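Down below is the structure, laid out as structure tokens.
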Amino acid sequence: MNRFLFLSLLFLSFYSPVLAENESLTYSGYISAETRFFSGETSYSSQDNVSLSPSIAIEPELVWEQKNGSNRMVIRPFLRFDNDDDNRSHFDIREFKWLHSEENWDVVAGVDQISWGVAESHHLVDIINQTDLVEDIDREDKLGQQLINLNLYGQRGILGLFVLPGFREQTFPDNQARLRGGYPIDEKNATYDSGAKEKHVDLAVRWKQSFGIWDFGIYHFYGTSRNPTFIPQLNNFGEVSLVPHYDLIHQTGLDLQMTSDRLLLKLEAFYRAGHGDPFLASVWGLEYTFFQFQESQADLGILAEYHNDKRNSEEAPYTSFDNDLFVGWRLALNDEKDTIIVGGPIIDLDHQTTFLFFEASRRITNSIKFEFEGRYFLNVSENDPAYGIRNEDFTTLRIVTYF
Amino acid sequence: MRHWNRIVCKFGLVALFILFFTSYGYCADDTQRGQLIAQEMDQRDQGWKNCSVTVFMTLGNAHGETSRRELRSYFLEVNETGAGDQGLIVFDSPKDISGTALLSHSIIQGPDKQWLYLPALKRVKRISSSNKSGPFVGSEFSYEDLLPQNIEKFDYKWIKDETVDGLDCFVVERYPVYESSGYSKQVVWIDKVEYRPMKIDFYDRKNSLLKTLIYSNYHNYLDEIWRASTLTMANLQTKKTTLLEFDRYIFRGDLDSGSFSPDRLKRIR
């Protein structure tokens, strides 16, 4: 299926179909070349002790559209070759959808990406798409999700209805790779609460509205948990491996933002049932921006986000964000090269495990961009889920060419 | 001598009084005149309902290096009380920000509302509208220069009449009354026949001349709407320039309030 799509896309990219006068076809995308530098030694003997790990990725996008905008087709596949991690070399359909728009409603059918939430350090309430964890440990990259999504637009906000026929399993680094964690993951034998397994049809409904300076969204989701729990098992070689298990959950979520002058206040929270006892999780954030900081052209944003999660880690999937504080900054130089530097530590308030990240980007030419990313683990406690990757500090340098 | 002194004193006092009242009256008159010119300018620029245009932006620095951006601008005339016009900017180039969209709803009393759509994140962010004076994508235009501005956002004062490029112009100062403006005042040259802006001098918060904007290549659309096809902004302090070239103006097209809805911003292309 995936191979077929990829080939048809390749074909389409060299083939100019005859278009009617009210139609347009646009082709764009990027190729990125990167290398990761791992500064520490690996922690586990089965890992390859790689310190320099190059990789390339391509993400073309093809959009066909009627000029009045009433019908649109989008195809956006993603392909990565990784030198060291077989699981990171992967292909995914990020989007393959048809959109039909009317005055007060629209409908999307196919594979799409939906992003919910307002926080910066962790997207707590975001749930429609599965995390493509091999891409980056920050969980920002998502796999495409097959869906039918109807949106009704009115004076009372947007009502979105989602039918999600089928589930995508989380991706994991392979057993030899850096960043693989304390135990090998046996993702091929994943188990499910639902008898329908990955074919369970998940459902979600979301209402989004705004009143003056307040914007909020409320949703309910019923379906397969995007985060698995792990069941330890002995494999054929007598080694312990972790088998992902995906529970069926009910989750009610809220995201809220107050936008006032230079200050943004943010809240994301959910109540989840399905992994043993139900629990609450939340992130409370603020963002204050100093525009034209120190009479320069730059804007400096200061961010603080507090994470709290009441889950029982014996029953529910691990989270690093149980009692954590993120303090960070975003510096936008507002220069013609669009230079941006963001970063900061996320500190566990129980045992001071600290995850420190930096991201910087700068345009080189009109179609080439340079990116720098650093992910570092400091003072990692044995009790933290990041313990397995405590020695996996890495820095990524990336050149992205857009076409 | 004492007599003379007294006369001089009296005369001086009377003269001062006259000066005070006439100059006071004179001031009020200039303010009113400035306001009337701004109203006439505003009146003549109504009835276009909505507008779309392609914009080519060229940034130049003191060393002669340039970089280009391409974007589309959309505007919606809003006639509700309390609400100002709405604007939407969508980038086509540079490619790394292609598809990025900035939506602004101008509010007459109080801060505007703004949203940013970032296609890479598939996320619409409500953003602070306080960033009025910041540079727009590294250019010499600030956000307040490009987003919809309503007549109520300034106080006005007529200064003098002057000729610019052979056109008789009113010279009107306008003072921002909204918060966070980067300007203490703007001096606008408005031609007396068509009430079009020909030139604007921007004064920074310290009241020194910061930038000069020249409007050129005016075209008349729908027999009533005038738009300059070229805007040249020169920053006199940094010696940088930004050139805006407008192409394919469409007025009274099929845009409606739905096209400017933050809820639909993620569908923008």
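To be explicit about the labels: the chains of the structure tokens are called A, B, and onward in the order shown, and within each one the residues are counted from 1, while ligands get numbers from 1 in the order they are shown.
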Query - Neighbour list for Lys337 (chain A) as a ChimeraX atom specification, cut-off 8 Å, only C-alpha atoms, skip fewer than 4 positions in-chain - result: /A:362-364 /B:138
Selection above as a file: N, CA, C and O atoms, as an mmCIF file, in the first residue's frame:
data_model
loop_
_atom_site.group_PDB
_atom_site.id
_atom_site.type_symbol
_atom_site.label_atom_id
_atom_site.label_comp_id
_atom_site.auth_asym_id
_atom_site.auth_seq_id
_atom_site.Cartn_x
_atom_site.Cartn_y
_atom_site.Cartn_z
ATOM 1 N N ARG A 362 17.938 29.222 11.206
ATOM 2 C CA ARG A 362 18.293 30.434 10.463
ATOM 3 C C ARG A 362 18.244 30.119 8.977
ATOM 4 O O ARG A 362 18.711 29.064 8.538
ATOM 5 N N ARG A 363 17.662 31.029 8.214
ATOM 6 C CA ARG A 363 17.587 30.852 6.766
ATOM 7 C C ARG A 363 18.950 31.178 6.164
ATOM 8 O O ARG A 363 19.611 32.130 6.593
ATOM 9 N N ILE A 364 19.363 30.350 5.195
ATOM 10 C CA ILE A 364 20.640 30.627 4.535
ATOM 11 C C ILE A 364 20.381 31.292 3.184
ATOM 12 O O ILE A 364 20.921 32.336 2.887
ATOM 13 N N GLY B 138 11.416 40.870 9.078
ATOM 14 C CA GLY B 138 12.748 41.427 8.877
ATOM 15 C C GLY B 138 12.785 42.646 7.963
ATOM 16 O O GLY B 138 13.850 43.109 7.591
#
Report task. Select all residues from chain B having any atom no more than 10 Å from an atom of chain A (counting only C-alpha atoms, ignoring ligands), output as a ChimeraX atom specification. Result -> /B:59-60,66-69,93-98,111-114,120-139,179-180,182,254,256,258-259,261,263-264,267-269
Could you name the residues that touch Asn175 (chain A) at 10 Å or less, counting only C-alpha atoms, but leaving out those on the same chain fewer than 4 positions away, as a PDB file with N, CA, C and O atoms, in the first residue's frame?
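This went into around_19.pdb:
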ATOM      1  N   TYR A  44      23.904   0.244  27.125  1.00  0.00           N
ATOM      2  CA  TYR A  44      23.529  -1.168  27.031  1.00  0.00           C
ATOM      3  C   TYR A  44      24.351  -1.848  25.950  1.00  0.00           C
ATOM      4  O   TYR A  44      24.604  -1.270  24.878  1.00  0.00           O
ATOM      5  N   SER A  46      23.863  -4.195  23.840  1.00  0.00           N
ATOM      6  CA  SER A  46      23.343  -4.480  22.502  1.00  0.00           C
ATOM      7  C   SER A  46      23.296  -3.237  21.613  1.00  0.00           C
ATOM      8  O   SER A  46      23.071  -3.323  20.416  1.00  0.00           O
ATOM      9  N   GLN A  47      23.526  -2.065  22.205  1.00  0.00           N
ATOM     10  CA  GLN A  47      23.500  -0.844  21.398  1.00  0.00           C
ATOM     11  C   GLN A  47      24.812  -0.666  20.647  1.00  0.00           C
ATOM     12  O   GLN A  47      25.883  -0.953  21.186  1.00  0.00           O
ATOM     13  N   ASP A  48      24.731  -0.184  19.393  1.00  0.00           N
ATOM     14  CA  ASP A  48      25.932   0.207  18.663  1.00  0.00           C
ATOM     15  C   ASP A  48      26.404   1.541  19.226  1.00  0.00           C
ATOM     16  O   ASP A  48      25.628   2.479  19.314  1.00  0.00           O
ATOM     17  N   ASP A  85      19.672   3.557  12.602  1.00  0.00           N
ATOM     18  CA  ASP A  85      18.477   3.020  13.248  1.00  0.00           C
ATOM     19  C   ASP A  85      17.515   2.514  12.174  1.00  0.00           C
ATOM     20  O   ASP A  85      16.937   3.299  11.421  1.00  0.00           O
ATOM     21  N   ASP A  86      17.347   1.184  12.114  1.00  0.00           N
ATOM     22  CA  ASP A  86      16.478   0.597  11.082  1.00  0.00           C
ATOM     23  C   ASP A  86      15.036   1.058  11.238  1.00  0.00           C
ATOM     24  O   ASP A  86      14.307   1.175  10.258  1.00  0.00           O
ATOM     25  N   ASN A  87      14.640   1.283  12.469  1.00  0.00           N
ATOM     26  CA  ASN A  87      13.260   1.730  12.674  1.00  0.00           C
ATOM     27  C   ASN A  87      13.062   3.193  12.286  1.00  0.00           C
ATOM     28  O   ASN A  87      11.963   3.609  11.951  1.00  0.00           O
ATOM     29  N   LEU A 179      19.300   5.928  21.876  1.00  0.00           N
ATOM     30  CA  LEU A 179      17.980   6.392  22.329  1.00  0.00           C
ATOM     31  C   LEU A 179      16.963   5.278  22.520  1.00  0.00           C
ATOM     32  O   LEU A 179      15.771   5.520  22.609  1.00  0.00           O
ATOM     33  N   ARG A 180      17.433   3.986  22.573  1.00  0.00           N
ATOM     34  CA  ARG A 180      16.442   2.929  22.603  1.00  0.00           C
ATOM     35  C   ARG A 180      15.850   2.716  23.995  1.00  0.00           C
ATOM     36  O   ARG A 180      14.803   2.123  24.133  1.00  0.00           O
ATOM     37  N   GLY A 181      16.485   3.180  25.031  1.00  0.00           N
ATOM     38  CA  GLY A 181      15.931   2.988  26.373  1.00  0.00           C
ATOM     39  C   GLY A 181      16.455   1.738  27.039  1.00  0.00           C
ATOM     40  O   GLY A 181      17.257   0.987  26.462  1.00  0.00           O
ATOM     41  N   GLY A 182      16.012   1.497  28.270  1.00  0.00           N
ATOM     42  CA  GLY A 182      16.570   0.459  29.125  1.00  0.00           C
ATOM     43  C   GLY A 182      16.335  -0.961  28.641  1.00  0.00           C
ATOM     44  O   GLY A 182      17.160  -1.854  28.860  1.00  0.00           O
ATOM     45  N   TYR A 183      15.222  -1.206  27.985  1.00  0.00           N
ATOM     46  CA  TYR A 183      14.910  -2.552  27.524  1.00  0.00           C
ATOM     47  C   TYR A 183      14.518  -2.506  26.054  1.00  0.00           C
ATOM     48  O   TYR A 183      13.946  -1.519  25.594  1.00  0.00           O
ATOM     49  N   PRO A 184      14.796  -3.591  25.338  1.00  0.00           N
ATOM     50  CA  PRO A 184      14.320  -3.634  23.952  1.00  0.00           C
ATOM     51  C   PRO A 184      12.792  -3.617  23.930  1.00  0.00           C
ATOM     52  O   PRO A 184      12.155  -4.152  24.838  1.00  0.00           O
ATOM     53  N   ILE A 185      12.230  -2.975  22.907  1.00  0.00           N
ATOM     54  CA  ILE A 185      10.774  -2.924  22.762  1.00  0.00           C
ATOM     55  C   ILE A 185      10.379  -3.964  21.719  1.00  0.00           C
ATOM     56  O   ILE A 185      10.923  -3.983  20.614  1.00  0.00           O
ATOM     57  N   ASP A 186       9.453  -4.812  22.106  1.00  0.00           N
ATOM     58  CA  ASP A 186       8.985  -5.852  21.189  1.00  0.00           C
ATOM     59  C   ASP A 186       7.679  -5.374  20.549  1.00  0.00           C
ATOM     60  O   ASP A 186       6.599  -5.873  20.833  1.00  0.00           O
ATOM     61  N   SER A 241      12.251  -8.160  27.437  1.00  0.00           N
ATOM     62  CA  SER A 241      11.857  -7.110  26.502  1.00  0.00           C
ATOM     63  C   SER A 241      10.499  -6.581  26.933  1.00  0.00           C
ATOM     64  O   SER A 241       9.801  -7.199  27.738  1.00  0.00           O
TER      65      SER A 241
END
Non-local contacts of Leu255 (chain B) (10 Å; only C-alpha atoms; under 2 positions in same chain excluded) as a PDB file with N, CA, C and O atoms, in the first residue's frame:
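Listed below is the output, out.pdb:
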ATOM      1  N   LYS B  49     -15.375  46.802  -0.343  1.00  0.00           N
ATOM      2  CA  LYS B  49     -15.894  45.557   0.246  1.00  0.00           C
ATOM      3  C   LYS B  49     -14.795  44.578   0.657  1.00  0.00           C
ATOM      4  O   LYS B  49     -14.649  44.237   1.818  1.00  0.00           O
ATOM      5  N   ASN B  50     -14.046  44.094  -0.323  1.00  0.00           N
ATOM      6  CA  ASN B  50     -12.918  43.221   0.004  1.00  0.00           C
ATOM      7  C   ASN B  50     -11.885  43.365  -1.092  1.00  0.00           C
ATOM      8  O   ASN B  50     -12.176  43.886  -2.169  1.00  0.00           O
ATOM      9  N   CYS B  51     -10.688  42.896  -0.792  1.00  0.00           N
ATOM     10  CA  CYS B  51      -9.593  43.155  -1.712  1.00  0.00           C
ATOM     11  C   CYS B  51      -8.556  42.051  -1.567  1.00  0.00           C
ATOM     12  O   CYS B  51      -8.305  41.569  -0.467  1.00  0.00           O
ATOM     13  N   SER B  52      -8.012  41.621  -2.689  1.00  0.00           N
ATOM     14  CA  SER B  52      -6.882  40.699  -2.605  1.00  0.00           C
ATOM     15  C   SER B  52      -5.790  41.203  -3.530  1.00  0.00           C
ATOM     16  O   SER B  52      -6.080  41.809  -4.565  1.00  0.00           O
ATOM     17  N   TYR B  74      -5.002  39.950   1.877  1.00  0.00           N
ATOM     18  CA  TYR B  74      -6.450  40.001   1.705  1.00  0.00           C
ATOM     19  C   TYR B  74      -7.008  40.958   2.747  1.00  0.00           C
ATOM     20  O   TYR B  74      -6.570  40.954   3.892  1.00  0.00           O
ATOM     21  N   PHE B  75      -7.967  41.766   2.344  1.00  0.00           N
ATOM     22  CA  PHE B  75      -8.580  42.704   3.288  1.00  0.00           C
ATOM     23  C   PHE B  75     -10.093  42.646   3.177  1.00  0.00           C
ATOM     24  O   PHE B  75     -10.636  42.401   2.105  1.00  0.00           O
ATOM     25  N   LEU B  76     -10.741  42.856   4.292  1.00  0.00           N
ATOM     26  CA  LEU B  76     -12.206  42.874   4.331  1.00  0.00           C
ATOM     27  C   LEU B  76     -12.659  44.163   5.002  1.00  0.00           C
ATOM     28  O   LEU B  76     -12.212  44.493   6.101  1.00  0.00           O
ATOM     29  N   PHE B 251     -10.782  43.848  -6.342  1.00  0.00           N
ATOM     30  CA  PHE B 251     -11.714  44.414  -5.358  1.00  0.00           C
ATOM     31  C   PHE B 251     -13.089  43.780  -5.557  1.00  0.00           C
ATOM     32  O   PHE B 251     -13.421  43.329  -6.645  1.00  0.00           O
ATOM     33  N   ARG B 252     -13.870  43.803  -4.482  1.00  0.00           N
ATOM     34  CA  ARG B 252     -15.232  43.241  -4.516  1.00  0.00           C
ATOM     35  C   ARG B 252     -15.235  41.829  -5.092  1.00  0.00           C
ATOM     36  O   ARG B 252     -16.053  41.487  -5.933  1.00  0.00           O
ATOM     37  N   GLY B 253     -14.277  41.021  -4.658  1.00  0.00           N
ATOM     38  CA  GLY B 253     -14.208  39.631  -5.094  1.00  0.00           C
ATOM     39  C   GLY B 253     -15.135  38.763  -4.259  1.00  0.00           C
ATOM     40  O   GLY B 253     -16.054  39.274  -3.610  1.00  0.00           O
ATOM     41  N   SER B 257     -16.711  37.111   5.297  1.00  0.00           N
ATOM     42  CA  SER B 257     -16.175  37.057   6.654  1.00  0.00           C
ATOM     43  C   SER B 257     -15.633  35.656   6.980  1.00  0.00           C
ATOM     44  O   SER B 257     -14.728  35.518   7.799  1.00  0.00           O
ATOM     45  N   GLY B 258     -16.156  34.626   6.326  1.00  0.00           N
ATOM     46  CA  GLY B 258     -15.640  33.271   6.542  1.00  0.00           C
ATOM     47  C   GLY B 258     -14.181  33.145   6.123  1.00  0.00           C
ATOM     48  O   GLY B 258     -13.421  32.375   6.701  1.00  0.00           O
ATOM     49  N   SER B 259     -13.781  33.934   5.110  1.00  0.00           N
ATOM     50  CA  SER B 259     -12.390  33.893   4.646  1.00  0.00           C
ATOM     51  C   SER B 259     -11.448  34.496   5.678  1.00  0.00           C
ATOM     52  O   SER B 259     -10.244  34.306   5.606  1.00  0.00           O
ATOM     53  N   PHE B 260     -11.996  35.239   6.635  1.00  0.00           N
ATOM     54  CA  PHE B 260     -11.182  35.903   7.652  1.00  0.00           C
ATOM     55  C   PHE B 260     -11.461  35.340   9.044  1.00  0.00           C
ATOM     56  O   PHE B 260     -11.229  35.992  10.046  1.00  0.00           O
TER      57      PHE B 260
END
Query raised in the report: Quick one: of A:Lys266, A:His90, A:His122, A:His220, who's nearest to Asp322 (chain A), counting only C-alpha atoms?
Result: A:His122
